[in-house]
$ cat data-v4.cif   # mmCIF, C-alpha atoms
data_my_file
loop_
_atom_site.label_atom_id
_atom_site.label_comp_id
_atom_site.auth_asym_id
_atom_site.auth_seq_id
_atom_site.Cartn_x
_atom_site.Cartn_y
_atom_site.Cartn_z
CA MET A 1 92.12 103.99 124.66
CA GLU A 2 95.62 103.93 123.19
CA THR A 3 95.35 104.64 119.46
CA ALA A 4 99.02 104.79 118.46
CA ILE A 5 102.51 103.54 119.19
CA HIS A 6 104.28 106.51 120.76
CA PRO A 7 107.38 107.86 118.98
CA ASP A 8 109.24 107.41 122.28
CA THR A 9 108.54 103.67 122.08
CA PHE A 10 110.29 103.54 118.71
CA GLY A 11 113.04 105.68 120.21
CA PHE A 12 113.57 103.25 123.07
CA LEU A 13 113.71 100.28 120.70
CA SER A 14 116.25 102.07 118.50
CA ASP A 15 118.36 102.87 121.55
CA ILE A 16 118.33 99.34 122.92
CA SER A 17 119.51 98.07 119.55
CA MET A 18 122.67 100.10 120.07
CA HIS A 19 123.00 99.58 123.83
CA ASN A 20 121.86 96.01 124.41
CA ASN A 21 123.32 95.44 127.84
CA ARG A 22 122.00 95.26 131.39
CA GLU A 23 123.76 98.40 132.60
CA TRP A 24 122.13 100.60 129.95
CA PHE A 25 118.76 98.92 130.45
CA GLN A 26 118.76 99.54 134.20
CA ALA A 27 119.75 103.16 133.67
CA ASN A 28 116.88 103.58 131.21
CA ARG A 29 114.26 101.43 132.91
CA GLU A 30 111.75 104.28 133.06
CA ALA A 31 111.88 104.62 129.27
CA TYR A 32 111.32 100.88 128.98
CA GLU A 33 108.35 100.97 131.38
CA ARG A 34 106.72 103.71 129.32
CA ALA A 35 107.27 101.77 126.09
CA TRP A 36 105.97 98.56 127.70
CA LEU A 37 102.83 100.31 128.98
CA ASN A 38 102.25 101.88 125.56
CA MET A 39 102.52 98.44 123.92
CA LYS A 40 100.13 96.83 126.40
CA ASN A 41 97.54 99.60 126.10
CA PHE A 42 97.76 99.57 122.30
CA THR A 43 97.39 95.78 122.25
CA GLN A 44 94.28 96.07 124.44
CA ALA A 45 92.79 98.51 121.95
CA VAL A 46 93.56 96.08 119.12
CA ILE A 47 91.88 93.22 121.00
CA THR A 48 88.80 95.34 121.60
CA GLY A 49 88.63 96.26 117.92
CA LEU A 50 89.12 92.70 116.69
CA ALA A 51 86.38 91.43 118.98
CA GLU A 52 83.90 93.46 116.92
CA THR A 53 84.59 91.54 113.70
CA ASP A 54 86.28 88.20 114.53
CA ARG A 55 84.12 85.66 116.35
CA TYR A 56 87.25 83.89 117.61
CA ILE A 57 88.40 86.98 119.49
CA THR A 58 86.72 88.18 122.68
CA GLY A 59 87.30 91.50 124.38
CA ASP A 60 88.24 89.89 127.68
CA ILE A 61 91.44 88.20 126.42
CA PRO A 62 94.10 89.22 128.99
CA VAL A 63 96.75 91.48 127.48
CA SER A 64 99.32 89.88 129.77
CA LYS A 65 98.88 86.60 127.87
CA CYS A 66 99.38 88.30 124.50
CA VAL A 67 102.48 90.48 124.80
CA PHE A 68 105.97 89.03 124.53
CA ARG A 69 108.48 89.88 127.23
CA ILE A 70 111.48 91.91 126.15
CA TYR A 71 113.92 89.54 127.86
CA ARG A 72 115.61 87.08 125.51
CA ASP A 73 116.28 83.42 126.30
CA THR A 74 119.96 83.16 125.43
CA ARG A 75 120.60 79.64 126.71
CA PHE A 76 120.67 78.02 123.27
CA SER A 77 121.55 81.04 121.14
CA LYS A 78 124.87 82.32 119.87
CA ASN A 79 123.42 85.82 120.21
CA LYS A 80 123.84 86.67 123.89
CA ASP A 81 122.12 90.06 123.80
CA PRO A 82 119.88 90.02 126.89
CA TYR A 83 117.02 92.01 125.35
CA LYS A 84 114.91 91.98 122.21
CA ASN A 85 114.97 95.10 120.06
CA TRP A 86 111.27 94.74 119.26
CA LEU A 87 107.93 94.41 120.99
CA GLY A 88 105.28 91.93 119.90
CA ALA A 89 101.87 90.51 120.71
CA GLY A 90 100.15 87.29 119.69
CA ILE A 91 96.38 87.71 119.80
CA SER A 92 94.07 84.71 120.11
CA THR A 93 91.79 83.09 122.66
CA ALA A 94 94.94 81.69 124.28
CA GLY A 95 97.02 84.81 123.87
CA ARG A 96 100.44 84.29 122.30
CA LYS A 97 100.52 80.52 122.96
CA LEU A 98 97.66 79.26 120.81
CA ASN A 99 98.23 76.15 118.73
CA GLY A 100 96.07 77.42 115.92
CA PRO A 101 95.21 80.48 113.79
CA GLU A 102 95.99 83.82 115.41
CA TYR A 103 97.06 87.42 114.83
CA TYR A 104 100.51 88.81 115.49
CA LEU A 105 101.64 92.42 115.84
CA HIS A 106 105.36 93.23 115.56
CA ILE A 107 106.70 96.63 116.59
CA GLN A 108 110.27 97.41 115.52
CA PRO A 109 111.69 100.62 114.07
CA GLY A 110 111.61 100.32 110.30
CA ASN A 111 110.36 96.73 110.41
CA SER A 112 106.88 96.70 111.97
CA PHE A 113 104.14 94.50 110.57
CA ALA A 114 100.79 92.85 111.19
CA ALA A 115 100.44 89.13 110.52
CA GLY A 116 97.75 86.50 110.64
CA GLY A 117 97.48 82.76 110.15
CA TYR A 118 99.02 79.64 111.61
CA TRP A 119 102.79 79.46 112.07
CA ARG A 120 104.26 75.94 111.86
CA PRO A 121 101.12 73.86 112.52
CA GLU A 122 101.47 70.63 114.45
CA LYS A 123 101.40 67.44 112.37
CA ASP A 124 97.66 66.72 112.55
CA HIS A 125 96.72 70.34 111.95
CA LEU A 126 99.10 70.56 109.01
CA ALA A 127 97.50 67.49 107.46
CA ALA A 128 94.02 68.95 107.94
CA ILE A 129 94.96 72.26 106.34
CA ARG A 130 96.56 70.52 103.36
CA GLN A 131 93.49 68.34 102.95
CA GLU A 132 91.28 71.44 102.93
CA ILE A 133 93.52 73.04 100.31
CA ASP A 134 93.33 69.90 98.19
CA TYR A 135 89.52 69.87 98.43
CA ASN A 136 88.80 73.61 98.40
CA GLY A 137 91.93 75.21 97.03
CA ALA A 138 89.89 77.36 94.66
CA GLN A 139 88.34 79.09 97.67
CA LEU A 140 91.74 79.87 99.15
CA VAL A 141 93.08 81.13 95.82
CA GLU A 142 90.05 83.41 95.52
CA ILE A 143 90.83 84.85 98.95
CA LEU A 144 94.50 85.36 98.17
CA ASP A 145 93.73 86.92 94.78
CA GLY A 146 91.02 89.18 96.14
CA PRO A 147 91.72 92.93 95.96
CA ALA A 148 91.55 93.42 99.74
CA PHE A 149 94.23 90.80 100.38
CA ARG A 150 96.41 90.99 97.30
CA GLY A 151 96.56 94.77 97.32
CA HIS A 152 98.08 94.90 100.80
CA CYS A 153 99.11 91.51 102.20
CA ARG A 154 101.83 89.03 101.36
CA LEU A 155 101.51 85.29 101.79
CA ASP A 156 104.70 84.19 103.51
CA ARG A 157 106.54 81.58 101.45
CA ASP A 158 109.84 81.51 103.33
CA GLU A 159 109.37 77.92 104.49
CA MET A 160 108.35 75.45 101.79
CA LEU A 161 108.98 71.81 101.03
CA LYS A 162 111.20 71.14 98.02
CA ARG A 163 109.04 68.14 97.08
CA PRO A 164 105.29 67.54 97.34
CA PRO A 165 104.10 66.40 100.78
CA VAL A 166 103.28 62.72 101.15
CA GLY A 167 100.04 61.88 99.39
CA TYR A 168 100.17 64.75 96.88
CA ASN A 169 101.58 65.04 93.38
CA GLU A 170 103.58 67.78 91.70
CA ASP A 171 100.78 68.27 89.17
CA ASN A 172 98.25 69.21 91.86
CA PRO A 173 96.89 72.66 90.87
CA TYR A 174 97.52 73.92 94.41
CA ILE A 175 100.94 72.35 94.90
CA ASP A 176 102.63 75.65 95.80
CA LEU A 177 100.18 76.09 98.67
CA LEU A 178 100.41 72.44 99.71
CA LYS A 179 104.20 72.73 100.04
CA LEU A 180 103.94 75.47 102.66
CA LYS A 181 105.13 74.59 106.17
CA SER A 182 103.43 77.63 107.68
CA PHE A 183 100.27 79.43 106.63
CA THR A 184 100.81 83.08 107.50
CA ALA A 185 100.30 86.40 105.78
CA SER A 186 101.77 89.76 106.69
CA GLU A 187 101.40 93.45 105.93
CA PRO A 188 104.15 96.03 106.64
CA LEU A 189 103.39 99.03 108.82
CA THR A 190 105.52 102.17 108.84
CA ASP A 191 106.63 103.96 111.99
CA ALA A 192 104.86 107.10 110.80
CA VAL A 193 101.52 105.30 110.37
CA LEU A 194 101.73 103.47 113.69
CA SER A 195 102.66 106.60 115.63
CA GLY A 196 100.08 108.77 113.90
CA PRO A 197 96.41 109.34 114.78
CA GLY A 198 95.38 106.46 112.51
CA GLY A 199 97.76 103.86 113.96
CA LEU A 200 95.10 101.69 115.55
CA LYS A 201 92.82 101.90 112.51
CA ALA A 202 95.72 100.82 110.26
CA VAL A 203 96.45 97.74 112.35
CA LEU A 204 92.81 96.72 112.56
CA ALA A 205 92.37 97.25 108.81
CA ALA A 206 95.37 95.01 108.11
CA PHE A 207 94.04 92.26 110.36
CA ARG A 208 90.60 92.49 108.79
CA ARG A 209 92.10 92.06 105.34
CA MET A 210 93.54 88.78 106.62
CA TYR A 211 90.35 87.59 108.27
CA GLN A 212 89.01 85.46 105.40
CA PHE A 213 92.40 83.78 105.12
CA LYS A 214 92.40 83.10 108.86
CA LEU A 215 88.80 81.86 108.65
CA PHE A 216 89.78 79.37 105.93
CA LEU A 217 92.31 77.89 108.38
CA HIS A 218 89.73 77.70 111.17
CA GLU A 219 87.38 75.85 108.86
CA ALA A 220 90.15 73.46 107.82
CA LEU A 221 90.62 72.56 111.47
CA GLY A 222 86.91 72.06 112.00
CA ASP A 223 86.55 74.81 114.58
CA ALA A 224 84.31 77.14 112.56
CA ASP A 225 80.87 77.88 113.98
#
$ encode --input "data-v4.cif" --output "structure tokens"
Amino acid sequence: METAIHPDTFGFLSDISMHNNREWFQANREAYERAWLNMKNFTQAVITGLAETDRYITGDIPVSKCVFRIYRDTRFSKNKDPYKNWLGAGISTAGRKLNGPEYYLHIQPGNSFAAGGYWRPEKDHLAAIRQEIDYNGAQLVEILDGPAFRGHCRLDRDEMLKRPPVGYNEDNPYIDLLKLKSFTASEPLTDAVLSGPGGLKAVLAAFRRMYQFKLFLHEALGDAD
């Protein structure tokens, strides 16, 4: 079982940031294949670990459905670099394409992190989550203020409405949460931790600190057991 992100994987990602072209990539394909295999094996270990504590995760989720390809879609982007300078995996029952709460692991030199929640929910799901916050916001606040979460995780507030969503007032006690467009939390992970003997344990611990937050979202959508 892969228990760490190999230093060579970080090395490859650093190199491709400086040499993001097809000629360099082809000349260094073996380094990429090793990094890609390391990421897939590590992701499998994460899936296996999560399946022990999260009832929405099963050990037989195919890794191939979770990891993101390194090739960039440049058709509608001003950035024409053909490759990503990071590796990532979205972990859920539907891999990286779930329309619902999930985990996400981002591997990038100096900018790695674990995340959990629901990024940009569809309209009906967004309404359901906001309704749950309106009804049971105290429960969510308790989760976010709990020592396990608050001591390590950050609720992402990058995307928020400037005004209250339709049907809610500015004086709602949970208005800051109701204005969120996405409901995700993240925890940074250093290269040294991820490449050390405790790399896997660190990722699983981060995800477990986010579990109650993720569970609140599942319950809001009515898919809790």
$ residues_around --input "data-v4.cif" --residues "segment 193-205 of chain A" --least-positions-apart "4" --cutoff "8 Å" --atoms "all atoms listed in the file" --output "PyMOL selection string"
chain A and resi 2-7+42+45-46+49-50+114+189+209
$ resolve_selection --input "data-v4.cif" --expression "the PyMOL selection byres ((chain A and resi 53) around 12)" --output "list in words"
Val46, Ile47, Thr48, Gly49, Leu50, Ala51, Glu52, Asp54, Arg55, Tyr56, Ile57, Thr58, Gly59, Leu204, Ala205, Phe207, Arg208, Arg209, Met210, Tyr211, Gln212 and Leu215 of chain A
$ atom_distance --input "data-v4.cif" --atom1 "atom CA of Gln26 of chain A" --atom2 "atom CA of Lys84 of chain A"
14.7 Å
$ atom_distance --input "data-v4.cif" --atom1 "atom CA of Pro109 of chain A" --atom2 "atom CA of Leu13 of chain A"
6.9 Å
$ closest_residue --input "data-v4.cif" --among "A:Asp8, A:Arg75, A:Leu105, A:Leu98" --to "Lys40 of chain A" --atoms "all atoms listed in the file"
A:Leu105
$ build_atoms --input "data-v4.cif" --residues "segment 107-118 of chain A" --atoms "all heavy atoms" --output "CSV table (one decimal), in the coordinates of the input"
chain,number,residue,atom,x,y,z
A,107,ILE,N,106.3,95.2,116.5
A,107,ILE,CA,106.7,96.6,116.6
A,107,ILE,C,108.2,96.7,116.7
A,107,ILE,O,108.8,96.3,117.6
A,107,ILE,CB,106.1,97.3,117.8
A,107,ILE,CG1,104.5,97.2,117.8
A,107,ILE,CG2,106.5,98.8,117.9
A,107,ILE,CD1,103.9,97.8,116.6
A,108,GLN,N,108.8,97.3,115.6
A,108,GLN,CA,110.3,97.4,115.5
A,108,GLN,C,110.6,98.6,114.6
A,108,GLN,O,110.0,98.6,113.5
A,108,GLN,CB,110.9,96.1,115.0
A,108,GLN,CG,112.4,96.1,115.0
A,108,GLN,CD,113.0,94.8,114.5
A,108,GLN,OE1,112.3,93.9,114.0
A,108,GLN,NE2,114.3,94.6,114.7
A,109,PRO,N,111.4,99.5,114.9
A,109,PRO,CA,111.7,100.6,114.1
A,109,PRO,C,112.1,100.2,112.7
A,109,PRO,O,113.0,99.4,112.5
A,109,PRO,CB,112.9,101.3,114.8
A,109,PRO,CG,112.7,101.0,116.2
A,109,PRO,CD,112.2,99.6,116.2
A,110,GLY,N,111.3,100.6,111.7
A,110,GLY,CA,111.6,100.3,110.3
A,110,GLY,C,111.2,98.9,109.9
A,110,GLY,O,111.4,98.6,108.7
A,111,ASN,N,110.7,98.1,110.8
A,111,ASN,CA,110.4,96.7,110.4
A,111,ASN,C,109.1,96.2,111.1
A,111,ASN,O,109.0,95.1,111.5
A,111,ASN,CB,111.5,95.8,110.7
A,111,ASN,CG,111.4,94.4,110.2
A,111,ASN,OD1,110.8,94.2,109.1
A,111,ASN,ND2,111.8,93.4,111.0
A,112,SER,N,108.1,97.1,111.3
A,112,SER,CA,106.9,96.7,112.0
A,112,SER,C,105.9,96.1,111.0
A,112,SER,O,105.9,96.4,109.8
A,112,SER,CB,106.2,97.9,112.6
A,112,SER,OG,107.0,98.5,113.6
A,113,PHE,N,105.1,95.1,111.5
A,113,PHE,CA,104.1,94.5,110.6
A,113,PHE,C,103.0,93.9,111.4
A,113,PHE,O,103.2,93.6,112.6
A,113,PHE,CB,104.8,93.5,109.7
A,113,PHE,CG,105.5,92.3,110.4
A,113,PHE,CD1,104.8,91.2,110.8
A,113,PHE,CD2,106.8,92.4,110.8
A,113,PHE,CE1,105.4,90.1,111.4
A,113,PHE,CE2,107.5,91.3,111.4
A,113,PHE,CZ,106.7,90.2,111.8
A,114,ALA,N,101.9,93.6,110.7
A,114,ALA,CA,100.8,92.8,111.2
A,114,ALA,C,100.8,91.5,110.4
A,114,ALA,O,101.1,91.5,109.2
A,114,ALA,CB,99.5,93.6,111.0
A,115,ALA,N,100.5,90.5,111.1
A,115,ALA,CA,100.4,89.1,110.5
A,115,ALA,C,99.3,88.3,111.0
A,115,ALA,O,98.7,88.6,112.1
A,115,ALA,CB,101.7,88.4,110.8
A,116,GLY,N,98.8,87.4,110.2
A,116,GLY,CA,97.8,86.5,110.6
A,116,GLY,C,97.9,85.1,110.0
A,116,GLY,O,98.5,85.0,108.9
A,117,GLY,N,97.4,84.1,110.7
A,117,GLY,CA,97.5,82.8,110.2
A,117,GLY,C,97.9,81.8,111.2
A,117,GLY,O,97.7,82.0,112.4
A,118,TYR,N,98.6,80.7,110.7
A,118,TYR,CA,99.0,79.6,111.6
A,118,TYR,C,100.5,79.3,111.3
A,118,TYR,O,100.8,78.8,110.2
A,118,TYR,CB,98.1,78.4,111.4
A,118,TYR,CG,98.2,77.3,112.4
A,118,TYR,CD1,97.2,76.3,112.4
A,118,TYR,CD2,99.3,77.2,113.3
A,118,TYR,CE1,97.3,75.3,113.4
A,118,TYR,CE2,99.3,76.2,114.3
A,118,TYR,CZ,98.3,75.2,114.3
A,118,TYR,OH,98.4,74.2,115.2
